[in-house]
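Student: Hey, dropping model.txt in here, compact mmCIF, C-alpha atoms and all ligand atoms:
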```txt
# COMPACT_ATOMS: atom_id res chain seq x y z
CA MET A 1131 -23.67 31.90 20.32
CA GLU A 1132 -21.55 34.49 18.57
CA HIS A 1133 -20.92 33.90 14.85
CA PHE A 1134 -23.51 31.13 14.80
CA ALA A 1135 -24.85 32.25 11.42
CA VAL A 1136 -21.44 31.69 9.81
CA VAL A 1137 -20.90 28.36 11.56
CA HIS A 1138 -24.34 27.30 10.33
CA SER A 1139 -23.39 28.21 6.74
CA ILE A 1140 -20.13 26.26 7.06
CA ILE A 1141 -21.97 23.13 8.23
CA LYS A 1142 -24.50 23.48 5.43
CA ALA A 1143 -21.82 23.81 2.74
CA ALA A 1144 -19.80 20.90 4.21
CA LEU A 1145 -22.81 18.58 4.25
CA ALA A 1146 -23.52 19.46 0.64
CA GLY A 1147 -19.93 18.56 -0.26
CA ASP A 1148 -19.42 22.12 -1.52
CA GLU A 1149 -15.74 22.73 -0.84
CA ALA A 1150 -15.62 26.19 -2.43
CA GLY A 1151 -18.61 27.16 -0.29
CA VAL A 1152 -16.91 25.88 2.88
CA ARG A 1153 -13.78 27.90 2.13
CA LYS A 1154 -15.82 31.03 1.44
CA GLN A 1155 -17.69 30.74 4.74
CA VAL A 1156 -14.49 29.96 6.63
CA ASN A 1157 -12.99 33.16 5.23
CA ARG A 1158 -16.04 35.02 6.47
CA LEU A 1159 -15.55 33.51 9.92
CA GLU A 1160 -11.87 34.44 9.89
CA ALA A 1161 -12.75 38.05 9.00
CA ARG A 1162 -15.17 38.25 11.90
CA LEU A 1163 -12.79 36.65 14.39
CA SER A 1164 -10.01 38.92 13.26
CA LYS A 1165 -12.22 41.98 13.73
CA ALA A 1166 -12.98 40.77 17.24
CA GLY A 1167 -9.23 40.44 17.94
CA ALA A 1168 -9.30 36.61 18.26
CA ASN A 1169 -5.88 36.23 16.67
CA ASN A 1170 -5.09 32.78 18.09
CA GLU A 1171 -8.30 31.38 16.66
CA VAL A 1172 -7.56 32.94 13.26
CA ALA A 1173 -4.08 31.41 13.29
CA ALA A 1174 -5.51 27.97 14.18
CA ILE A 1175 -7.93 28.16 11.24
CA GLU A 1176 -5.11 29.24 8.93
CA ARG A 1177 -3.07 26.19 10.00
CA LEU A 1178 -6.02 23.91 9.25
CA LEU A 1179 -6.48 25.41 5.80
CA LYS A 1180 -2.78 25.12 5.04
CA ALA A 1181 -2.63 21.47 6.19
CA SER A 1182 -5.62 20.56 4.05
CA THR A 1183 -3.99 22.14 0.98
CA GLU A 1184 -0.85 20.10 1.63
CA VAL A 1185 -2.84 16.86 1.91
CA LYS A 1186 -4.53 17.67 -1.39
CA GLN A 1187 -1.19 18.21 -3.07
CA LEU A 1188 0.01 14.83 -1.84
CA ALA A 1189 -3.06 13.04 -3.17
CA PRO A 1190 -2.68 12.68 -6.92
CA SER A 1191 -5.64 13.70 -9.00
CA GLN A 1192 -7.99 11.00 -10.14
CA VAL A 1193 -8.00 9.91 -13.77
CA GLU A 1194 -11.08 10.60 -15.87
CA VAL A 1195 -11.43 7.28 -17.70
CA SER A 1196 -12.88 7.35 -21.16
CA ARG A 1197 -16.19 5.52 -21.52
CA VAL A 1198 -15.03 4.46 -24.96
CA LEU A 1199 -12.34 2.36 -23.33
CA ILE A 1200 -14.19 1.13 -20.26
CA THR A 1201 -17.59 -0.02 -21.30
CA GLY A 1202 -20.41 -1.52 -19.29
CA GLU A 1203 -23.13 -0.69 -16.86
CA THR A 1204 -22.47 1.15 -13.63
CA LEU A 1205 -21.94 -1.14 -10.64
CA THR A 1206 -23.98 -0.16 -7.60
CA PRO A 1207 -24.14 -1.68 -4.11
CA GLU A 1208 -27.50 -3.20 -5.08
CA VAL A 1209 -25.91 -5.46 -7.71
CA HIS A 1210 -25.45 -9.02 -6.46
CA PRO A 1211 -22.07 -10.64 -7.17
CA PRO A 1212 -22.13 -14.00 -8.96
CA ILE A 1213 -22.12 -17.13 -6.79
CA ASP A 1214 -20.86 -20.68 -6.91
CA ARG A 1215 -23.97 -22.66 -7.76
CA GLU A 1216 -23.02 -25.65 -5.64
CA THR A 1217 -22.04 -23.88 -2.46
CA GLY A 1218 -23.75 -20.51 -2.81
CA ALA A 1219 -20.44 -18.75 -1.99
CA GLN A 1220 -19.82 -15.36 -3.62
CA LEU A 1221 -17.24 -15.51 -6.40
CA CYS A 1222 -16.01 -11.97 -5.80
CA LEU A 1223 -16.03 -8.96 -3.51
CA ILE A 1224 -16.79 -5.48 -4.75
CA ASP A 1225 -15.10 -2.33 -3.44
CA PHE A 1226 -16.37 1.01 -4.58
CA PRO A 1227 -14.11 4.03 -5.13
CA GLY A 1228 -14.01 6.63 -2.40
CA GLN A 1229 -12.03 4.76 0.24
CA ARG A 1230 -9.05 7.06 -0.37
CA THR A 1231 -6.40 4.34 -0.36
CA PRO A 1232 -3.15 6.17 0.46
CA LYS A 1233 -0.55 5.89 -2.26
CA PRO A 1234 1.57 2.81 -1.60
CA VAL A 1235 5.29 3.37 -1.19
CA TYR A 1236 7.43 1.82 -3.92
CA GLY A 1237 11.00 1.55 -5.06
CA GLN A 1238 11.85 3.61 -8.11
CA ALA A 1239 11.13 1.00 -10.81
CA ALA A 1240 7.74 0.01 -9.39
CA GLN A 1241 6.89 3.67 -8.89
CA GLU A 1242 7.59 4.40 -12.54
CA THR A 1243 5.47 1.46 -13.71
CA ILE A 1244 2.44 2.50 -11.66
CA ASP A 1245 2.79 6.21 -12.51
CA GLY A 1246 3.30 5.29 -16.18
CA LEU A 1247 0.17 3.15 -16.26
CA LEU A 1248 -1.95 5.89 -14.70
CA ALA A 1249 -0.40 8.50 -17.01
CA GLU A 1250 -1.47 6.37 -19.99
CA TRP A 1251 -5.05 6.43 -18.76
CA ARG A 1252 -4.81 10.15 -18.12
CA ASN A 1253 -3.68 10.69 -21.72
CA SER A 1254 -5.75 8.00 -23.37
CA SER A 1255 -7.02 10.31 -26.13
CA ALA A 1256 -3.46 11.05 -27.25
CA LEU A 1257 -2.77 7.31 -27.32
CA MET A 1258 -5.90 6.57 -29.31
CA LEU A 1259 -4.90 9.14 -31.93
CA VAL A 1260 -1.95 6.93 -32.76
CA GLY A 1261 -4.00 3.75 -32.63
CA VAL A 1262 -2.99 2.38 -29.24
CA GLU A 1263 -4.79 1.98 -25.96
CA PRO A 1264 -3.61 2.41 -22.38
CA THR A 1265 -2.39 -0.73 -20.61
CA ARG A 1266 -5.32 -2.88 -19.64
CA SER A 1267 -3.67 -5.85 -17.97
CA LEU A 1268 -1.13 -5.91 -15.20
CA LEU A 1269 0.47 -8.81 -13.38
CA ILE A 1270 1.85 -7.89 -9.96
CA TYR A 1271 4.25 -10.30 -8.30
CA GLY A 1272 6.47 -10.28 -5.26
CA PRO A 1273 6.90 -11.55 -1.70
CA PRO A 1274 4.09 -11.48 0.88
CA GLY A 1275 3.08 -8.22 2.55
CA THR A 1276 4.80 -5.89 0.08
CA GLY A 1277 1.68 -3.96 -0.94
CA LYS A 1278 0.47 -5.88 -3.99
CA THR A 1279 -3.20 -5.99 -3.05
CA ILE A 1280 -3.28 -2.37 -1.89
CA SER A 1281 -1.67 -1.40 -5.22
CA ALA A 1282 -4.64 -2.88 -7.05
CA HIS A 1283 -6.97 -0.94 -4.77
CA TYR A 1284 -4.98 2.23 -5.38
CA ILE A 1285 -5.10 1.82 -9.16
CA ALA A 1286 -8.86 1.19 -9.17
CA GLU A 1287 -9.31 4.16 -6.88
CA GLN A 1288 -7.26 6.36 -9.18
CA LEU A 1289 -9.25 5.23 -12.20
CA GLY A 1290 -12.45 5.95 -10.25
CA LEU A 1291 -13.72 2.42 -10.93
CA PRO A 1292 -15.09 -0.25 -8.61
CA LEU A 1293 -12.73 -3.12 -7.89
CA VAL A 1294 -14.12 -6.61 -8.38
CA THR A 1295 -11.82 -8.97 -6.44
CA ALA A 1296 -11.83 -12.71 -6.96
CA ARG A 1297 -9.53 -15.02 -5.12
CA ILE A 1298 -8.70 -17.80 -7.48
CA ASP A 1299 -8.85 -20.40 -4.73
CA GLY A 1300 -12.43 -19.27 -4.10
CA LEU A 1301 -13.29 -20.05 -7.70
CA ILE A 1302 -11.82 -23.51 -7.60
CA SER A 1303 -14.58 -25.90 -6.79
CA SER A 1304 -14.28 -29.48 -5.69
CA PHE A 1305 -17.12 -30.30 -8.07
CA LEU A 1306 -16.02 -31.41 -11.46
CA GLY A 1307 -16.79 -28.88 -14.14
CA THR A 1308 -17.78 -26.13 -11.74
CA THR A 1309 -14.43 -24.34 -11.66
CA ALA A 1310 -14.46 -23.49 -15.36
CA ARG A 1311 -18.06 -22.37 -15.06
CA ASN A 1312 -17.19 -20.15 -12.06
CA ILE A 1313 -14.38 -18.53 -14.01
CA ALA A 1314 -16.65 -17.88 -16.98
CA ASN A 1315 -19.37 -16.44 -14.72
CA LEU A 1316 -16.90 -14.18 -12.97
CA PHE A 1317 -15.57 -12.78 -16.26
CA ASP A 1318 -19.09 -12.33 -17.64
CA PHE A 1319 -19.95 -10.33 -14.55
CA ALA A 1320 -16.79 -8.18 -14.77
CA ASN A 1321 -17.31 -7.57 -18.51
CA ARG A 1322 -20.89 -6.52 -17.97
CA TYR A 1323 -19.95 -3.68 -15.59
CA ALA A 1324 -17.41 -0.88 -15.77
CA CYS A 1325 -14.79 -2.06 -13.28
CA VAL A 1326 -11.25 -3.20 -12.58
CA LEU A 1327 -11.09 -7.00 -12.21
CA LEU A 1328 -8.59 -8.24 -9.65
CA LEU A 1329 -7.52 -11.87 -9.66
CA ASP A 1330 -5.76 -12.17 -6.32
CA GLU A 1331 -3.71 -15.20 -5.19
CA PHE A 1332 -3.37 -16.14 -8.83
CA ASP A 1333 -0.85 -18.90 -8.06
CA ALA A 1334 -3.65 -21.16 -6.81
CA LEU A 1335 -4.17 -22.00 -10.46
CA ALA A 1336 -0.62 -23.12 -10.87
CA LYS A 1337 -0.99 -25.33 -7.81
CA LEU A 1338 -3.99 -26.91 -9.48
CA ARG A 1339 -1.77 -28.03 -12.31
CA ASP A 1340 0.25 -30.16 -9.91
CA ASP A 1341 -2.78 -32.22 -8.95
CA PRO A 1342 -2.33 -35.56 -10.77
CA HIS A 1343 -5.99 -36.58 -10.48
CA GLU A 1344 -7.68 -34.04 -12.62
CA VAL A 1345 -5.53 -33.55 -15.70
CA GLY A 1346 -8.43 -33.13 -18.12
CA GLU A 1347 -10.29 -30.78 -15.80
CA ILE A 1348 -7.23 -28.62 -15.22
CA LYS A 1349 -6.59 -28.22 -18.92
CA ARG A 1350 -10.16 -27.10 -19.32
CA VAL A 1351 -9.84 -24.60 -16.47
CA VAL A 1352 -6.61 -23.11 -17.82
CA ASN A 1353 -8.11 -22.87 -21.31
CA THR A 1354 -11.21 -21.16 -19.97
CA LEU A 1355 -9.04 -18.70 -18.13
CA LEU A 1356 -6.90 -17.93 -21.17
CA GLN A 1357 -9.92 -17.43 -23.39
CA ASN A 1358 -11.55 -15.18 -20.85
CA LEU A 1359 -8.39 -13.13 -20.35
CA ASP A 1360 -8.20 -12.63 -24.12
CA ARG A 1361 -11.83 -11.60 -24.41
CA ARG A 1362 -11.61 -9.27 -21.41
CA ARG A 1363 -9.22 -7.00 -23.31
CA GLN A 1364 -12.03 -5.15 -25.00
CA PHE A 1365 -13.82 -4.36 -21.75
CA GLY A 1366 -11.89 -3.15 -18.76
CA VAL A 1367 -8.72 -3.33 -16.72
CA THR A 1368 -7.51 -6.62 -15.28
CA ILE A 1369 -4.93 -7.05 -12.53
CA ALA A 1370 -3.60 -10.41 -11.39
CA ILE A 1371 -1.45 -10.94 -8.30
CA THR A 1372 0.85 -13.76 -7.38
CA ASN A 1373 3.51 -14.47 -4.79
CA HIS A 1374 5.08 -17.19 -6.88
CA ASP A 1375 5.66 -15.85 -10.36
CA ARG A 1376 7.70 -18.88 -11.38
CA LEU A 1377 4.77 -21.21 -10.85
CA LEU A 1378 2.69 -19.48 -13.47
CA ASP A 1379 2.13 -21.01 -16.84
CA PRO A 1380 4.06 -18.99 -19.49
CA ALA A 1381 0.86 -18.84 -21.54
CA VAL A 1382 -0.85 -17.08 -18.63
CA TRP A 1383 2.14 -14.80 -18.02
CA ARG A 1384 2.11 -13.67 -21.67
CA ARG A 1385 -1.52 -12.53 -21.39
CA PHE A 1386 -0.45 -9.54 -19.28
CA GLU A 1387 0.90 -6.46 -21.03
CA THR A 1388 2.83 -5.21 -18.00
CA GLN A 1389 4.52 -7.10 -15.21
CA LEU A 1390 5.26 -5.29 -11.99
CA HIS A 1391 7.62 -6.67 -9.40
CA ILE A 1392 7.15 -5.28 -5.92
CA ALA A 1393 10.02 -6.20 -3.65
CA GLU A 1394 10.68 -5.58 0.03
CA PRO A 1395 11.27 -1.86 0.52
CA GLU A 1396 14.78 -0.38 0.35
CA PHE A 1397 16.18 1.96 3.02
CA ALA A 1398 14.43 5.18 1.87
CA ALA A 1399 11.11 3.43 1.18
CA ARG A 1400 11.32 1.84 4.63
CA GLU A 1401 11.80 5.30 6.13
CA ALA A 1402 8.68 6.58 4.33
CA LEU A 1403 6.64 3.57 5.48
CA ILE A 1404 7.89 3.80 9.07
CA ARG A 1405 6.98 7.49 9.17
CA ARG A 1406 3.51 6.64 7.87
CA PHE A 1407 2.97 3.77 10.29
CA LEU A 1408 4.27 5.65 13.34
CA ALA A 1409 1.74 8.44 12.75
CA PRO A 1410 0.19 10.24 14.57
CA ILE A 1411 3.60 10.27 16.26
CA GLU A 1412 5.81 12.62 14.26
CA ALA A 1413 9.10 10.80 14.64
CA GLU A 1414 12.32 12.69 13.99
CA ASP A 1415 14.52 11.85 11.01
CA SER A 1416 17.23 10.22 13.11
CA THR A 1417 14.70 7.95 14.85
CA VAL A 1418 13.18 6.88 11.54
CA ARG A 1419 16.65 6.21 10.21
CA ILE A 1420 17.50 3.95 13.14
CA PHE A 1421 14.28 2.00 12.62
CA SER A 1422 15.03 1.58 8.91
CA TYR A 1423 18.64 0.55 9.65
CA CYS A 1424 17.40 -2.28 11.86
CA LEU A 1425 14.77 -3.61 9.48
CA PRO A 1426 16.22 -4.49 6.07
CA GLY A 1427 14.40 -7.25 4.20
CA ARG A 1428 11.16 -6.60 6.06
CA SER A 1429 7.96 -6.13 4.10
CA GLY A 1430 5.64 -3.13 4.44
CA ALA A 1431 3.22 -5.34 6.36
CA ASP A 1432 6.02 -6.31 8.80
CA LEU A 1433 6.91 -2.66 9.31
CA GLU A 1434 3.28 -1.80 9.96
CA ARG A 1435 2.98 -4.55 12.58
CA LEU A 1436 6.24 -3.54 14.22
CA CYS A 1437 5.37 0.18 14.38
CA ARG A 1438 2.01 -0.72 15.89
CA ALA A 1439 3.77 -2.84 18.52
CA VAL A 1440 6.17 0.02 19.30
CA LYS A 1441 3.30 2.47 19.78
CA ARG A 1442 1.45 -0.04 21.94
CA THR A 1443 4.52 -0.68 24.10
CA MET A 1444 5.07 3.04 24.58
CA ALA A 1445 1.46 3.79 25.40
CA MET A 1446 1.17 0.90 27.88
CA ALA A 1447 4.31 2.11 29.68
CA ASP A 1448 2.73 5.56 29.77
CA LYS A 1449 5.70 7.09 28.00
CA ALA A 1450 5.64 10.27 25.90
CA PRO A 1451 6.41 9.78 22.18
CA GLU A 1452 9.94 11.15 22.51
CA PRO A 1453 12.93 9.87 20.54
CA SER A 1454 14.52 8.05 23.49
CA ASN A 1455 11.23 6.28 24.29
CA LEU A 1456 10.73 5.25 20.68
CA PHE A 1457 14.26 3.86 20.75
CA SER A 1458 13.80 1.85 23.94
CA SER A 1459 10.39 0.60 22.76
CA LEU A 1460 11.92 -0.53 19.47
CA SER A 1461 14.55 -2.39 21.47
CA SER A 1462 11.95 -4.22 23.56
CA VAL A 1463 9.71 -5.00 20.56
CA LEU A 1464 12.69 -6.47 18.71
CA GLY A 1465 13.54 -8.42 21.86
CA ARG A 1466 10.15 -10.11 21.73
CA MET A 1467 10.47 -11.06 18.06
CA PRO A 1468 11.46 -14.62 17.26
CA LEU A 1469 14.13 -15.41 14.68
CA LEU A 1470 15.87 -12.07 14.40
CA ASP A 1471 18.34 -12.80 11.66
CA HIS A 1472 19.58 -9.24 11.11
CA ILE A 1473 22.53 -8.75 13.43
CA PRO A 1474 22.14 -4.99 14.19
CA ALA A 1475 18.51 -5.68 15.18
CA ARG A 1476 19.69 -8.52 17.40
CA ILE A 1477 22.24 -6.25 19.05
CA LEU A 1478 19.64 -3.54 19.69
CA ALA A 1479 17.28 -6.16 21.17
CA ALA A 1480 19.95 -7.49 23.51
CA ASP A 1481 21.99 -4.43 24.43
CA PRO A 1482 21.00 -0.87 23.38
CA LYS A 1483 24.38 0.53 24.49
CA ALA A 1484 26.25 -1.85 22.25
CA PHE A 1485 23.93 -0.75 19.46
CA VAL A 1486 24.85 2.89 20.09
CA SER A 1487 28.49 1.92 19.79
CA LEU A 1488 27.70 0.09 16.56
CA ILE A 1489 25.94 2.98 14.83
CA ALA A 1490 28.45 5.54 16.10
CA ASN A 1491 31.06 3.62 14.14
CA ASP A 1492 28.99 2.86 11.06
CA PRO A 1493 29.13 5.67 8.48
CA ASP A 1494 26.33 3.96 6.54
CA ILE A 1495 23.66 5.13 8.93
CA GLY A 1496 24.71 8.74 8.32
CA LEU A 1497 24.10 10.06 11.84
CA ASP A 1498 26.56 12.18 13.79
CA GLN A 1499 27.20 11.72 17.50
CA LYS A 1500 24.83 14.53 18.47
CA GLN A 1501 21.97 13.00 16.49
CA ILE A 1502 22.69 9.55 17.87
CA GLY A 1503 22.67 10.92 21.42
CA HIS A 1504 19.35 12.68 20.86
CA ALA A 1505 17.70 9.71 19.14
CA THR A 1506 18.79 7.15 21.72
CA GLY A 1507 18.62 9.22 24.90
CA THR A 1508 22.38 8.91 25.47
CA SER A 1509 24.58 11.78 26.64
CA GLN A 1510 27.19 13.15 24.24
CA SER A 1511 30.07 11.97 26.42
CA GLN A 1512 28.60 8.50 26.64
CA VAL A 1513 28.13 8.28 22.84
CA SER A 1514 31.72 9.34 22.45
CA ALA A 1515 32.93 6.75 24.99
CA LEU A 1516 30.83 4.01 23.35
CA LYS A 1517 32.21 4.97 19.97
CA GLN A 1518 35.74 4.53 21.30
CA LYS A 1519 34.92 1.08 22.58
CA MET A 1520 34.15 -0.02 19.02
CA LEU A 1521 31.89 -2.81 20.16
CA HIS A 1522 30.87 -4.92 17.20
CA LYS A 1523 33.37 -3.50 14.75
CA ASP A 1524 33.30 -6.98 13.20
CA VAL A 1525 29.59 -6.58 12.39
CA ILE A 1526 30.22 -3.38 10.47
CA GLU A 1527 33.10 -4.95 8.60
CA ALA A 1528 30.98 -7.99 7.78
CA THR A 1529 28.05 -5.91 6.47
CA HIS A 1530 30.35 -3.70 4.43
CA ALA A 1531 32.09 -6.71 2.94
CA GLN A 1532 28.79 -8.08 1.59
N1 LIG B 1 4.53 -0.74 -0.33
C1 LIG B 1 3.64 -0.46 0.61
N2 LIG B 1 3.13 0.79 0.73
C2 LIG B 1 2.24 1.07 1.69
N3 LIG B 1 1.77 0.18 2.58
C3 LIG B 1 2.24 -1.07 2.50
C4 LIG B 1 3.18 -1.45 1.53
N4 LIG B 1 3.46 -2.76 1.67
C5 LIG B 1 2.71 -3.20 2.68
N5 LIG B 1 1.97 -2.20 3.20
C6 LIG B 1 1.06 -2.35 4.34
O1 LIG B 1 0.89 -3.73 4.57
C7 LIG B 1 -0.47 -4.14 4.44
C8 LIG B 1 -0.53 -5.39 3.59
O2 LIG B 1 -0.33 -5.07 2.22
P1 LIG B 1 -0.93 -5.95 1.05
O3 LIG B 1 -2.11 -6.72 1.54
O4 LIG B 1 -1.14 -5.08 -0.13
O5 LIG B 1 0.27 -6.95 0.80
P2 LIG B 1 0.38 -8.10 -0.29
O6 LIG B 1 1.63 -7.86 -1.04
O7 LIG B 1 -0.89 -8.19 -1.06
O8 LIG B 1 0.57 -9.37 0.65
P3 LIG B 1 0.16 -10.92 0.40
O9 LIG B 1 1.12 -11.44 -0.62
O10 LIG B 1 0.39 -11.52 1.74
O11 LIG B 1 -1.27 -10.94 -0.06
C9 LIG B 1 -1.20 -2.97 3.82
O12 LIG B 1 -2.45 -2.80 4.40
C10 LIG B 1 -0.33 -1.78 4.08
O13 LIG B 1 -0.74 -1.11 5.24
MG MG B 2 -2.38 -9.66 -1.17
```
How does the structure come out when it is put into structure tokens?

Tutor:
Amino acid sequence: MEHFAVVHSIIKAALAGDEAGVRKQVNRLEARLSKAGANNEVAAIERLLKASTEVKQLAPSQVEVSRVLITGETLTPEVHPPIDRETGAQLCLIDFPGQRTPKPVYGQAAQETIDGLLAEWRNSSALMLVGVEPTRSLLIYGPPGTGKTISAHYIAEQLGLPLVTARIDGLISSFLGTTARNIANLFDFANRYACVLLLDEFDALAKLRDDPHEVGEIKRVVNTLLQNLDRRRQFGVTIAITNHDRLLDPAVWRRFETQLHIAEPEFAAREALIRRFLAPIEAEDSTVRIFSYCLPGRSGADLERLCRAVKRTMAMADKAPEPSNLFSSLSSVLGRMPLLDHIPARILAADPKAFVSLIANDPDIGLDQKQIGHATGTSQSQVSALKQKMLHKDVIEATHAQ
């Protein structure tokens, strides 16, 4: 095979994880192909190189955490997690960095909190000069499916630390006395190793407090938790997650330096998520905008499920991923969803033409007639006629009055 020697060198460098070496050998290959007049092949390689540079730019650089701040032994896959002595169940799961969790999509305030926290770790030496440390404890709260758990994974990934995840309800034992011991064992484990400790489903503790039978035991559990949270401050980073922030004991709440609220995504964040979840389909802006317009109040997890359903519907009907097919698939997916409380989504589910009339008259969606026609597979004259009909003018007035 022609150029085999260069291909061989590329494979060797790639397997050794030597990126500079791969690039050097690829340049050699390009030079040879170019000399042989294989211009299409050279262009294809150029596109690959360019795309990989763009991906790198999107992925923020990892933080180099100071070993002064994060102490402890290195966790390896050989280390056994602690277990509940009565049941033998593991008290935590361990995820190692390297999974490349994509950056979650946030609203502006949440974005600033996460970026700020990581920036503190990036500049920890400057902070230590003035006698402060980067934020070590974070409480994340918000409705289901909004990206709380993946945010913890993302932070651990960015800090280059393993994530030790405990679900509080997994720590709660039906055996008297065991819950407090489980909590203590979990914290001992997390403090022994350099890691981020994640306490997911933190509200289970608050639910415990409502149990009238075990008042003494619950007090002991809460005290153990508070003491352990206090002690943990010298060791590593701790993240707790809850859906029900109001249920939490104020004493627990106060233990966390930063509180991050993640809400359902706003219009622009929905667009970014929809684009991500429709991939590998590269949907056009107007299509993404229509999706976002129909799905206010939906969580990221809802959007992911819905986009998956749209892709499935399109593929099963053997349709190409064109704007009009995405539009009709969205309509049928919405039609199969129970309890559609958002009126524009209900209109699209029931009658796509009426929906075209609706968006042609709604300046909020920001699409002109040409874009609407293209995105919905409707001719210009038909969009214009539907606009005139002003179907559902009342809906627009009602949404604008809100
Ligand atoms: N803000 C977001 N950015 C990126 N992806 C998101 C976001 N929100 C949700 N997702 C998607 O939804 C899935 C579920 O997210 P995650 O498990 O983090 O939600 P959660 O807030 O922890 O939900 P729960 O309260 O039910 O535990 C993720 O795997 C991700 O694909
Ligand atoms: Mg979660």

Student: State, in Å with one decimal place, the distance from CA of Asn1312 (chain A) to CA of Gly1300 (chain A).

Tutor: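 Rounded to one decimal, the two atoms are 9.3 Å apart.
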
Student: Set out as a tab-separated table a contact list for chain A and ligand MG 2 (chain B) with a cut-off of 9 Å, giving each residue of chain A that qualifies its closest atom pair and distance in Å to one decimal, counting only C-alpha atoms and all ligand atoms, ordered by chain and rising residue number.

Tutor:
```
residue	atom	partner	partner_atom	distance
A:Pro1274	CA	B:MG2	MG	7.0
A:Gly1275	CA	B:MG2	MG	6.8
A:Thr1276	CA	B:MG2	MG	8.2
A:Gly1277	CA	B:MG2	MG	7.0
A:Lys1278	CA	B:MG2	MG	5.5
A:Thr1279	CA	B:MG2	MG	4.2
A:Ile1280	CA	B:MG2	MG	7.4
A:Asp1330	CA	B:MG2	MG	6.7
A:Glu1331	CA	B:MG2	MG	7.0
A:Ile1371	CA	B:MG2	MG	7.3
A:Thr1372	CA	B:MG2	MG	8.1
A:Asn1373	CA	B:MG2	MG	8.4
```

Student: Those selected residues, please, written with C-alpha atoms and delivered as a tab-separated table (two decimals), in the frame of the given file.

Tutor:
```tsv
chain	number	residue	atom	x	y	z
A	1274	PRO	CA	4.09	-11.48	0.88
A	1275	GLY	CA	3.08	-8.22	2.55
A	1276	THR	CA	4.80	-5.89	0.08
A	1277	GLY	CA	1.68	-3.96	-0.94
A	1278	LYS	CA	0.47	-5.88	-3.99
A	1279	THR	CA	-3.20	-5.99	-3.05
A	1280	ILE	CA	-3.28	-2.37	-1.89
A	1330	ASP	CA	-5.76	-12.17	-6.32
A	1331	GLU	CA	-3.71	-15.20	-5.19
A	1371	ILE	CA	-1.45	-10.94	-8.30
A	1372	THR	CA	0.85	-13.76	-7.38
A	1373	ASN	CA	3.51	-14.47	-4.79
```

Student: Can you pull out the residues contacting Ile1175 (chain A)? Cut-off 10 Å, using all atoms listed in the file, and skip same-chain residues under 5 positions away; I want them as a PyMOL selection string.

Tutor: chain A and resi 1156-1157+1159-1160+1169-1170+1180-1181

Student: Enter the distance from CA of Thr1388 (chain A) to CA of Pro1212 (chain A), in Å, rounded to one decimal.

Tutor: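 Distance reported for this atom pair: 28.0 Å.
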
Student: Would you mind telling me which residue in A:Leu1328, A:Leu1259, A:Leu1205, A:Leu1516 lies nearest to ligand LIG 1 (chain B) when using only C-alpha atoms and all ligand atoms?

Tutor: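 Result for the nearest residue to ligand LIG 1 (chain B): A:Leu1328.
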
Student: Using only C-alpha atoms, which of A:Leu1178, A:Leu1269, A:Val1262, A:Leu1488 sits nearest Met1520 (chain A)?

Tutor: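 Ranking A:Leu1178, A:Leu1269, A:Val1262, A:Leu1488 by distance to Met1520 (chain A), first place goes to A:Leu1488.
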
Student: Can you work out which one of A:Lys1517, A:Arg1419, A:Arg1153, A:Lys1233 has the shortest atom-to-atom distance to ligand LIG 1 (chain B), counting all atoms listed in the file?

Tutor: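 Of the candidates, the smallest distance to ligand LIG 1 (chain B) is held by A:Lys1233.
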
Student: Residues within 10 Å of ligand LIG 1 (chain B), counting all atoms listed in the file: report them as a PyMOL selection string.

Tutor: chain A and resi 1231-1237+1240-1241+1270-1284+1330-1331+1371-1374+1392-1395+1399-1400+1402-1404+1406-1407+1428-1435

Student: Near Phe1386 (chain A), counting only C-alpha atoms, which residues have an atom at most 9 Å away, once you skip same-chain residues fewer than 5 positions from it, shown as a tab-separated table (two decimals) with C-alpha atoms, in the frame of the given file?

Tutor:
```
chain	number	residue	atom	x	y	z
A	1266	ARG	CA	-5.32	-2.88	-19.64
A	1267	SER	CA	-3.67	-5.85	-17.97
A	1268	LEU	CA	-1.13	-5.91	-15.20
A	1269	LEU	CA	0.47	-8.81	-13.38
A	1359	LEU	CA	-8.39	-13.13	-20.35
A	1368	THR	CA	-7.51	-6.62	-15.28
A	1369	ILE	CA	-4.93	-7.05	-12.53
A	1370	ALA	CA	-3.60	-10.41	-11.39
```

Student: Between A:Asn1491, A:Thr1308, A:Pro1474, A:Leu1163, which residue has the minimum interatomic distance to Ile1348 (chain A), considering all atoms listed in the file?

Tutor: A:Thr1308

Student: Using all atoms listed in the file, pick whichever of A:Ala1381, A:Ala1413, A:Leu1335, A:Leu1248 has the shortest atom-to-atom distance to Glu1194 (chain A).

Tutor: A:Leu1248
